[in-house]
file input-v4.txt (compact mmCIF, C-alpha atoms)
# COMPACT_ATOMS: atom_id res chain seq x y z
CA MET A 24 -73.76 -17.46 89.54
CA ARG A 25 -74.79 -14.73 87.76
CA ILE A 26 -71.98 -16.28 86.42
CA ARG A 27 -71.68 -13.71 83.62
CA TYR A 28 -70.14 -12.59 80.35
CA VAL A 29 -70.81 -9.74 77.97
CA ALA A 30 -69.61 -9.82 74.41
CA PRO A 31 -67.50 -7.13 72.71
CA ALA A 32 -69.35 -4.16 71.27
CA ALA A 33 -69.40 -5.72 67.80
CA ALA A 34 -71.57 -8.50 69.13
CA PHE A 35 -74.35 -6.09 69.94
CA VAL A 36 -74.56 -5.10 66.31
CA ALA A 37 -74.42 -8.70 65.13
CA ILE A 38 -77.49 -9.68 67.08
CA ALA A 39 -79.45 -6.44 66.79
CA ALA A 40 -81.74 -8.12 64.29
CA LEU A 41 -83.07 -10.22 67.15
CA ALA A 42 -84.13 -7.16 69.13
CA LEU A 43 -87.56 -6.83 70.63
CA THR A 44 -88.95 -3.76 68.95
CA GLY A 45 -91.43 -3.35 71.78
CA CYS A 46 -88.85 -3.49 74.60
CA VAL A 47 -88.64 -0.60 76.98
CA ASP A 48 -85.91 1.30 78.73
CA ASN A 49 -85.85 1.89 82.46
CA SER A 50 -88.35 4.71 82.40
CA THR A 51 -91.00 3.90 79.81
CA PRO A 52 -93.40 0.99 80.32
CA SER A 53 -94.46 -1.01 77.29
CA SER A 54 -96.36 -4.16 76.54
CA GLY A 55 -94.73 -7.44 75.54
CA GLY A 56 -92.26 -7.24 72.67
CA SER A 57 -93.81 -7.05 69.24
CA ALA A 58 -91.20 -8.88 67.17
CA SER A 59 -90.82 -11.89 69.40
CA SER A 60 -92.49 -15.02 70.66
CA ALA A 61 -94.20 -12.84 73.25
CA ALA A 62 -96.23 -11.22 70.49
CA ASP A 63 -98.36 -14.34 70.23
CA VAL A 64 -98.95 -14.70 73.96
CA LYS A 65 -102.53 -14.09 75.04
CA LYS A 66 -103.62 -12.94 78.46
CA ASP A 67 -104.66 -15.72 80.83
CA ASP A 68 -107.49 -14.26 82.87
CA SER A 69 -107.25 -16.96 85.51
CA LEU A 70 -103.57 -16.24 86.16
CA ALA A 71 -104.11 -12.48 86.00
CA SER A 72 -106.83 -12.71 88.64
CA GLN A 73 -104.30 -14.18 91.08
CA LEU A 74 -101.98 -11.17 90.95
CA PRO A 75 -101.52 -9.15 94.15
CA GLU A 76 -103.82 -6.14 94.18
CA ASP A 77 -101.01 -3.58 94.01
CA VAL A 78 -99.56 -5.13 90.85
CA LYS A 79 -103.00 -5.66 89.34
CA SER A 80 -104.01 -2.04 89.91
CA ALA A 81 -100.68 -0.69 88.63
CA GLY A 82 -100.99 -2.73 85.44
CA THR A 83 -97.19 -2.80 85.24
CA LEU A 84 -94.50 -5.21 86.41
CA THR A 85 -91.29 -3.44 87.40
CA VAL A 86 -88.35 -5.69 86.60
CA GLY A 87 -84.82 -5.07 87.87
CA MET A 88 -82.22 -5.88 85.22
CA ASP A 89 -78.53 -5.34 84.52
CA ASP A 90 -78.52 -5.30 80.72
CA THR A 91 -74.84 -6.12 80.20
CA TYR A 92 -74.92 -9.89 79.70
CA PRO A 93 -75.58 -11.16 76.16
CA PRO A 94 -77.29 -13.25 75.01
CA ASN A 95 -79.36 -13.18 78.21
CA GLU A 96 -79.89 -9.44 78.50
CA PHE A 97 -78.07 -6.55 76.83
CA LYS A 98 -78.65 -3.32 74.90
CA ASP A 99 -79.59 -2.98 71.24
CA ASP A 100 -78.33 -0.12 69.06
CA ASN A 101 -80.96 2.19 70.55
CA GLY A 102 -80.06 1.35 74.12
CA ASN A 103 -83.14 -0.81 74.73
CA PRO A 104 -82.85 -4.15 76.58
CA VAL A 105 -82.86 -7.25 74.39
CA GLY A 106 -82.02 -10.92 74.86
CA TRP A 107 -83.78 -14.18 75.64
CA GLU A 108 -84.51 -13.22 79.24
CA VAL A 109 -86.01 -9.96 78.02
CA GLU A 110 -88.28 -11.91 75.67
CA LEU A 111 -89.21 -14.31 78.46
CA THR A 112 -90.06 -11.37 80.73
CA ASN A 113 -92.27 -9.86 78.05
CA ALA A 114 -93.99 -13.20 77.57
CA ILE A 115 -94.67 -13.38 81.32
CA THR A 116 -96.19 -9.92 81.43
CA ALA A 117 -98.22 -10.57 78.28
CA LYS A 118 -99.64 -13.72 79.88
CA LEU A 119 -100.64 -11.67 82.91
CA GLY A 120 -102.03 -8.75 80.92
CA LEU A 121 -99.40 -6.38 82.30
CA LYS A 122 -96.92 -3.93 80.84
CA THR A 123 -93.20 -4.35 81.44
CA LYS A 124 -91.04 -1.68 83.02
CA PHE A 125 -87.35 -2.56 83.05
CA ALA A 126 -85.52 -0.87 85.91
CA ILE A 127 -81.93 -0.94 84.66
CA ALA A 128 -79.41 -1.13 87.49
CA LYS A 129 -76.09 -2.59 88.54
CA PHE A 130 -76.33 -6.31 89.15
CA ASP A 131 -75.58 -6.16 92.87
CA ASN A 132 -78.30 -3.53 93.46
CA ILE A 133 -81.16 -5.61 92.08
CA ILE A 134 -81.81 -8.05 94.93
CA PRO A 135 -81.85 -5.22 97.51
CA SER A 136 -84.32 -3.33 95.29
CA VAL A 137 -86.56 -6.40 95.08
CA ALA A 138 -86.30 -7.15 98.80
CA GLY A 139 -87.06 -3.51 99.60
CA GLY A 140 -90.11 -3.33 97.34
CA LYS A 141 -88.67 -0.93 94.74
CA ASP A 142 -88.83 -3.60 92.02
CA ASP A 143 -91.51 -6.29 91.75
CA ILE A 144 -89.08 -8.91 90.46
CA GLY A 145 -85.57 -9.24 89.08
CA MET A 146 -84.55 -10.87 85.81
CA SER A 147 -80.81 -10.87 85.36
CA SER A 148 -79.38 -14.41 85.24
CA PHE A 149 -79.34 -14.78 89.01
CA THR A 150 -78.05 -18.10 90.25
CA ASP A 151 -80.31 -19.34 93.03
CA THR A 152 -78.13 -19.89 96.12
CA THR A 153 -79.06 -20.62 99.72
CA GLU A 154 -77.34 -17.38 100.74
CA ARG A 155 -79.45 -15.30 98.36
CA GLU A 156 -82.58 -17.15 99.48
CA GLN A 157 -82.12 -15.51 102.86
CA GLN A 158 -82.95 -12.19 101.17
CA VAL A 159 -85.49 -13.15 98.49
CA ASP A 160 -87.39 -16.12 97.10
CA PHE A 161 -86.50 -17.48 93.65
CA VAL A 162 -88.72 -18.82 90.88
CA ASN A 163 -86.44 -21.17 88.96
CA TYR A 164 -86.71 -21.10 85.16
CA TYR A 165 -83.37 -22.29 83.69
CA THR A 166 -80.15 -24.12 84.52
CA ALA A 167 -76.62 -23.03 83.63
CA GLY A 168 -73.10 -24.09 84.47
CA ILE A 169 -69.84 -22.21 84.76
CA MET A 170 -67.59 -22.21 81.73
CA TRP A 171 -64.17 -20.65 81.25
CA ALA A 172 -62.79 -19.21 78.03
CA SER A 173 -59.23 -18.37 77.03
CA ALA A 174 -57.55 -16.72 74.10
CA LYS A 175 -57.41 -18.87 70.97
CA GLY A 176 -54.43 -21.18 71.12
CA LYS A 177 -53.83 -20.65 74.85
CA ASP A 178 -54.74 -23.78 76.78
CA VAL A 179 -56.10 -23.14 80.27
CA ASP A 180 -57.35 -25.75 82.73
CA PRO A 181 -59.85 -24.28 85.24
CA ASP A 182 -58.81 -26.98 87.72
CA ASN A 183 -55.14 -26.09 87.40
CA ALA A 184 -55.10 -22.31 87.07
CA CYS A 185 -52.72 -21.44 89.91
CA GLY A 186 -50.80 -18.25 89.18
CA LEU A 187 -53.03 -17.22 86.28
CA LYS A 188 -55.05 -14.03 85.85
CA VAL A 189 -58.79 -14.68 85.54
CA ALA A 190 -61.27 -11.97 84.55
CA VAL A 191 -64.75 -11.88 86.11
CA GLN A 192 -67.63 -9.48 86.42
CA ALA A 193 -67.57 -8.00 89.93
CA THR A 194 -70.07 -9.35 92.50
CA THR A 195 -70.96 -12.39 90.41
CA TYR A 196 -70.71 -15.92 91.77
CA GLU A 197 -67.43 -16.38 89.92
CA ASP A 198 -66.05 -13.35 91.70
CA THR A 199 -67.36 -14.10 95.18
CA ASP A 200 -67.22 -17.90 95.27
CA GLU A 201 -65.96 -19.93 92.34
CA VAL A 202 -62.59 -18.39 91.45
CA PRO A 203 -61.66 -17.54 95.08
CA ALA A 204 -62.31 -21.19 96.02
CA LYS A 205 -60.02 -22.37 93.23
CA SER A 206 -57.39 -19.87 94.36
CA LYS A 207 -57.58 -21.13 97.94
CA THR A 208 -57.01 -24.66 96.72
CA CYS A 209 -53.85 -23.38 95.05
CA THR A 210 -52.51 -21.57 98.10
CA ASP A 211 -53.41 -24.47 100.41
CA ALA A 212 -51.18 -26.62 98.21
CA GLY A 213 -48.36 -24.09 98.44
CA LYS A 214 -48.89 -22.84 94.88
CA ALA A 215 -49.41 -19.31 93.57
CA ALA A 216 -52.85 -17.77 94.02
CA ILE A 217 -55.13 -17.01 91.09
CA GLU A 218 -55.18 -13.27 90.45
CA VAL A 219 -58.82 -12.24 90.11
CA LEU A 220 -59.34 -9.29 87.75
CA ARG A 221 -62.70 -7.70 88.56
CA TYR A 222 -64.63 -5.60 86.05
CA ASP A 223 -67.89 -3.69 86.36
CA THR A 224 -69.25 -5.23 83.16
CA GLN A 225 -68.67 -8.59 81.55
CA ASP A 226 -67.72 -7.03 78.22
CA ASP A 227 -64.73 -5.46 79.97
CA ALA A 228 -63.83 -8.85 81.48
CA THR A 229 -64.05 -10.46 78.06
CA ASN A 230 -61.99 -7.79 76.38
CA ALA A 231 -59.32 -8.29 79.04
CA VAL A 232 -58.80 -11.82 77.70
CA ILE A 233 -58.90 -10.73 74.07
CA LEU A 234 -56.34 -8.00 74.78
CA GLY A 235 -54.06 -10.33 76.71
CA LYS A 236 -54.57 -8.66 80.10
CA ALA A 237 -56.08 -11.87 81.52
CA ASP A 238 -55.39 -15.54 80.86
CA ALA A 239 -59.05 -16.57 81.03
CA LEU A 240 -62.55 -15.48 81.97
CA SER A 241 -65.20 -17.26 83.96
CA ALA A 242 -68.92 -16.81 83.23
CA ASP A 243 -72.21 -18.67 82.73
CA SER A 244 -72.02 -21.40 80.12
CA PRO A 245 -74.56 -19.88 77.68
CA VAL A 246 -72.90 -16.50 78.00
CA THR A 247 -69.39 -17.85 77.49
CA LEU A 248 -70.44 -19.87 74.44
CA TYR A 249 -72.18 -16.84 72.96
CA ALA A 250 -69.10 -14.70 73.58
CA ILE A 251 -66.88 -17.22 71.86
CA SER A 252 -69.20 -17.33 68.86
CA LYS A 253 -69.02 -13.53 68.55
CA SER A 254 -65.28 -13.15 69.17
CA GLU A 255 -64.25 -13.70 65.54
CA GLY A 256 -62.06 -16.63 66.51
CA LYS A 257 -60.23 -14.81 69.30
CA LEU A 258 -61.64 -16.96 72.15
CA GLN A 259 -62.00 -20.68 72.80
CA THR A 260 -63.53 -22.82 75.53
CA ALA A 261 -61.29 -23.76 78.44
CA GLY A 262 -62.62 -27.07 79.67
CA GLU A 263 -66.22 -28.19 80.01
CA ALA A 264 -69.13 -26.59 81.88
CA PHE A 265 -69.26 -27.38 85.59
CA GLU A 266 -71.24 -26.52 88.74
CA VAL A 267 -74.59 -26.58 86.94
CA ALA A 268 -77.13 -24.62 88.98
CA PRO A 269 -80.58 -23.05 88.59
CA TYR A 270 -81.29 -19.50 87.49
CA GLY A 271 -84.00 -17.83 89.52
CA ILE A 272 -86.24 -14.77 89.38
CA PRO A 273 -85.85 -12.98 92.73
CA ILE A 274 -89.10 -11.90 94.39
CA ALA A 275 -89.61 -10.46 97.89
CA LYS A 276 -89.79 -13.13 100.60
CA ASP A 277 -93.24 -14.70 101.01
CA SER A 278 -94.75 -12.47 98.32
CA LYS A 279 -98.11 -13.44 96.84
CA LEU A 280 -96.53 -12.72 93.46
CA THR A 281 -94.20 -15.73 93.68
CA PRO A 282 -96.76 -18.49 92.97
CA VAL A 283 -98.27 -16.40 90.16
CA ILE A 284 -94.92 -16.02 88.40
CA GLN A 285 -94.24 -19.73 88.94
CA LYS A 286 -97.56 -20.74 87.38
CA THR A 287 -97.15 -18.27 84.52
CA ILE A 288 -93.74 -19.58 83.47
CA GLN A 289 -95.05 -23.13 83.73
CA ALA A 290 -97.90 -22.14 81.42
CA LEU A 291 -95.38 -20.69 78.94
CA ILE A 292 -93.43 -23.94 79.05
CA ASP A 293 -96.56 -25.99 78.51
CA ASP A 294 -97.82 -23.91 75.57
CA GLY A 295 -94.42 -23.93 73.82
CA THR A 296 -93.62 -20.21 74.09
CA TYR A 297 -90.70 -20.79 76.44
CA GLY A 298 -89.10 -23.34 74.14
CA LYS A 299 -89.45 -21.08 71.10
CA ILE A 300 -87.66 -18.24 72.88
CA LEU A 301 -84.78 -20.45 74.01
CA ASP A 302 -84.45 -22.05 70.57
CA LYS A 303 -84.35 -18.64 68.93
CA TRP A 304 -81.36 -17.61 71.02
CA GLY A 305 -79.59 -20.98 70.94
CA VAL A 306 -79.77 -21.56 74.70
CA SER A 307 -82.19 -24.48 74.88
CA ASP A 308 -79.64 -26.76 76.57
CA GLY A 309 -80.53 -25.19 79.90
CA ALA A 310 -84.30 -25.53 79.52
CA VAL A 311 -86.40 -26.87 82.38
CA THR A 312 -89.73 -28.66 82.18
CA THR A 313 -90.95 -27.93 85.70
CA VAL A 314 -90.77 -24.56 87.44
CA GLU A 315 -89.69 -24.75 91.07
CA VAL A 316 -89.29 -22.25 93.89
CA ASN A 317 -86.06 -21.97 95.91
CA ALA A 318 -84.45 -24.99 94.28
CA ALA A 319 -81.09 -24.31 95.93
CA SER A 320 -82.39 -24.99 99.40
CA LYS A 321 -84.09 -28.15 98.20
CA GLY A 322 -80.74 -29.65 97.29

call {"tool": "encode", "arguments": {"input": "input-v4.txt", "output": "C-alpha cells"}}
result
Amino acid sequence: MRIRYVAPAAAFVAIAALALTGCVDNSTPSSGGSASSAADVKKDDSLASQLPEDVKSAGTLTVGMDDTYPPNEFKDDNGNPVGWEVELTNAITAKLGLKTKFAIAKFDNIIPSVAGGKDDIGMSSFTDTTEREQQVDFVNYYTAGIMWASAKGKDVDPDNACGLKVAVQATTYEDTDEVPAKSKTCTDAGKAAIEVLRYDTQDDATNAVILGKADALSADSPVTLYAISKSEGKLQTAGEAFEVAPYGIPIAKDSKLTPVIQKTIQALIDDGTYGKILDKWGVSDGAVTTVEVNAASKG
C-alpha cells in the first residue's frame, strides 16, 4: 500500500523542528542524522562485517525514496528529506558504520531501481505484497492499515462509496488495488462506479479533498491521521483503519544485504532506538517486535 498521503504545504513548516539536521539530499552522502535518535547509535562491528563487499567498500548505502509522504518521509524547508522513516534509515546506516545517500525518485521508479542495482535498498512506505515480492525481497519493519479521510462534516463510508470521487496518489496500492476493488463491487451491484482521482503526489490528493474536488482520500493510516492533524480542522476520519499489512524495505532478490538489514533493524528494536523514533513521530501503533522477510508470502 504505499498507501499514501502528503499533508498541505503548511504541514511541512509545522514539523520542520523535527528535521534531521544531518539528512542528505539525493546527491550528497552524509552520516546518520545529528538531531535524532540516530545520533546515539553506535556502529556494530559484527553486523558491519556481514555487509556485502561492494557496500562495505563504498561506505555508503544508496536508498531510493519518494519524499512526498509525511510523516513518513517528506522535505524540510531546505528541501532535505525528513520523517520517521528517514530517521530509521539513518539509524540503520549508523549501526552499520555507513553513510546514507538518499536517491530521491518517483515512487513507482524505486523498486525497478533496487531490482536493477541502481539503489541498494528502498525506504518509502512500501506495502509488502506477493506481487512486489516477485521483483524484490522485503525486510518488514512496520504495519499500517488503509484509512480514508473526508472533509469536515461530510460523512463518507469507505464500504459504501459508490458514485463518489476518491483522491489517491498514483501507482499506490489504493490506486491499483483498493479503490478499484471497491468500485468493482459497486458496478457488480448495478451501482455507480467510484471515480478515482489520481495525483502525482499525496499532497495534491489531500488538497483535492480540502478544496472540494474529491469526496474523500485513501492513504496509509499513519499518513491519513497525520494529515488530519495538520489540516486545521478541514479533514476528518472516514471510518476505521482496515486491511492492515506490513511495510517492507525492498532489496534485490536473494541479496546478501537482506539478512544484514533484517538483523540491524532487529538490533535497533532490541536496543530501544526504533521505539524512540516511532514515539517521537507519534506512529508507534504500527510498531513490530520481530523483523521478518517477505511477510506477505508467508500469509

call {"tool": "closest_atom_pairs", "arguments": {"input": "input-v4.txt", "of": "segment 48-113 of chain A", "to": "segment 140-155 of chain A", "cutoff": "6 Å", "atoms": "all atoms listed in the file", "output": "JSON lines"}}
result
{"residue": "A:Thr85", "atom": "CA", "partner": "A:Asp143", "partner_atom": "CA", "distance": 5.2}
{"residue": "A:Val86", "atom": "CA", "partner": "A:Ile144", "partner_atom": "CA", "distance": 5.1}
{"residue": "A:Gly87", "atom": "CA", "partner": "A:Gly145", "partner_atom": "CA", "distance": 4.4}
{"residue": "A:Met88", "atom": "CA", "partner": "A:Ser147", "partner_atom": "CA", "distance": 5.2}

call {"tool": "residues_around", "arguments": {"input": "input-v4.txt", "residues": "Ile251 of chain A", "least_positions_apart": "6", "cutoff": "8 Å", "atoms": "all atoms listed in the file", "output": "list in words"}}
result
Ala172, Lys257, Leu258, Gln259 and Thr260 of chain A

call {"tool": "atom_distance", "arguments": {"input": "input-v4.txt", "atom1": "atom CA of Glu156 of chain A", "atom2": "atom CA of Asn317 of chain A"}}
result
6.9 Å

call {"tool": "residues_around", "arguments": {"input": "input-v4.txt", "residues": "Gly235 of chain A", "least_positions_apart": "4", "cutoff": "9 Å", "atoms": "all atoms listed in the file", "output": "compact mmCIF listing (two decimals) with C-alpha atoms, in the coordinates of the input"}}
result
# COMPACT_ATOMS: atom_id res chain seq x y z
CA ALA A 174 -57.55 -16.72 74.10
CA ASN A 230 -61.99 -7.79 76.38
CA ALA A 231 -59.32 -8.29 79.04

call {"tool": "closest_residue", "arguments": {"input": "input-v4.txt", "among": "A:Ser241, A:Ile233, A:Asp182, A:Ala216", "to": "Asp198 of chain A", "atoms": "all atoms listed in the file"}}
result
A:Ser241

call {"tool": "atom_distance", "arguments": {"input": "input-v4.txt", "atom1": "atom CA of Val316 of chain A", "atom2": "atom CA of Tyr270 of chain A"}}
result
10.6 Å

call {"tool": "closest_residue", "arguments": {"input": "input-v4.txt", "among": "A:Glu263, A:Asp223, A:Asp211, A:Asp77", "to": "Ile169 of chain A", "atoms": "only C-alpha atoms"}}
result
A:Glu263

call {"tool": "atom_distance", "arguments": {"input": "input-v4.txt", "atom1": "atom CA of Ile284 of chain A", "atom2": "atom CA of Ala268 of chain A"}}
result
19.8 Å

call {"tool": "closest_residue", "arguments": {"input": "input-v4.txt", "among": "A:Gly139, A:Gly168, A:Gly120, A:Gly309", "to": "Gly262 of chain A", "atoms": "only C-alpha atoms"}}
result
A:Gly168

call {"tool": "residues_around", "arguments": {"input": "input-v4.txt", "residues": "segment 288-299 of chain A", "least_positions_apart": "5", "cutoff": "7 Å", "atoms": "all atoms listed in the file", "output": "PyMOL selection string"}}
result
chain A and resi 60+111+115+312-314

call {"tool": "residues_near_point", "arguments": {"input": "input-v4.txt", "point": "(-84.5, -7.5, 97.6)", "cutoff": "8 Å", "atoms": "only C-alpha atoms", "output": "VMD selection string"}}
result
chain A and resid 133 to 140 158 to 159 273 to 275

call {"tool": "closest_residue", "arguments": {"input": "input-v4.txt", "among": "A:Cys185, A:Ala228, A:Val179, A:Ala242", "to": "Glu197 of chain A", "atoms": "only C-alpha atoms"}}
result
A:Ala242

call {"tool": "decode", "arguments": {"input": "input-v4.txt", "residues": "segment 187-199 of chain A", "atoms": "N, CA, C and O atoms", "output": "mmCIF file, in the first residue's frame"}}
result
data_model
loop_
_atom_site.group_PDB
_atom_site.id
_atom_site.type_symbol
_atom_site.label_atom_id
_atom_site.label_comp_id
_atom_site.auth_asym_id
_atom_site.auth_seq_id
_atom_site.Cartn_x
_atom_site.Cartn_y
_atom_site.Cartn_z
ATOM 1 N N LEU A 187 -18.923 8.180 -5.625
ATOM 2 C CA LEU A 187 -18.126 9.270 -5.058
ATOM 3 C C LEU A 187 -16.793 9.430 -5.805
ATOM 4 O O LEU A 187 -16.363 8.543 -6.535
ATOM 5 N N LYS A 188 -16.162 10.576 -5.583
ATOM 6 C CA LYS A 188 -14.837 10.839 -6.121
ATOM 7 C C LYS A 188 -13.816 10.635 -4.999
ATOM 8 O O LYS A 188 -13.938 11.261 -3.934
ATOM 9 N N VAL A 189 -12.841 9.770 -5.236
ATOM 10 C CA VAL A 189 -11.851 9.459 -4.205
ATOM 11 C C VAL A 189 -10.450 9.770 -4.740
ATOM 12 O O VAL A 189 -10.050 9.270 -5.795
ATOM 13 N N ALA A 190 -9.725 10.591 -4.005
ATOM 14 C CA ALA A 190 -8.383 11.003 -4.411
ATOM 15 C C ALA A 190 -7.334 10.034 -3.872
ATOM 16 O O ALA A 190 -7.404 9.613 -2.714
ATOM 17 N N VAL A 191 -6.379 9.680 -4.723
ATOM 18 C CA VAL A 191 -5.285 8.792 -4.342
ATOM 19 C C VAL A 191 -4.001 9.289 -4.985
ATOM 20 O O VAL A 191 -4.031 10.055 -5.949
ATOM 21 N N GLN A 192 -2.878 8.835 -4.434
ATOM 22 C CA GLN A 192 -1.607 9.072 -5.107
ATOM 23 C C GLN A 192 -1.426 7.982 -6.155
ATOM 24 O O GLN A 192 -1.605 6.796 -5.881
ATOM 25 N N ALA A 193 -1.102 8.375 -7.367
ATOM 26 C CA ALA A 193 -0.970 7.433 -8.477
ATOM 27 C C ALA A 193 0.064 6.361 -8.184
ATOM 28 O O ALA A 193 1.109 6.631 -7.573
ATOM 29 N N THR A 194 -0.235 5.144 -8.592
ATOM 30 C CA THR A 194 0.589 3.927 -8.506
ATOM 31 C C THR A 194 0.652 3.334 -7.108
ATOM 32 O O THR A 194 1.324 2.331 -6.910
ATOM 33 N N THR A 195 -0.021 3.928 -6.139
ATOM 34 C CA THR A 195 -0.061 3.329 -4.814
ATOM 35 C C THR A 195 -1.054 2.170 -4.793
ATOM 36 O O THR A 195 -1.829 1.970 -5.737
ATOM 37 N N TYR A 196 -1.038 1.432 -3.716
ATOM 38 C CA TYR A 196 -1.951 0.298 -3.566
ATOM 39 C C TYR A 196 -3.404 0.750 -3.642
ATOM 40 O O TYR A 196 -4.260 0.074 -4.198
ATOM 41 N N GLU A 197 -3.686 1.917 -3.073
ATOM 42 C CA GLU A 197 -5.057 2.435 -3.129
ATOM 43 C C GLU A 197 -5.492 2.666 -4.564
ATOM 44 O O GLU A 197 -6.647 2.447 -4.922
ATOM 45 N N ASP A 198 -4.556 3.150 -5.370
ATOM 46 C CA ASP A 198 -4.841 3.413 -6.772
ATOM 47 C C ASP A 198 -4.991 2.119 -7.575
ATOM 48 O O ASP A 198 -5.938 1.961 -8.348
ATOM 49 N N THR A 199 -4.089 1.192 -7.382
ATOM 50 C CA THR A 199 -4.052 -0.004 -8.225
ATOM 51 C C THR A 199 -4.959 -1.132 -7.746
ATOM 52 O O THR A 199 -5.391 -1.957 -8.553
#
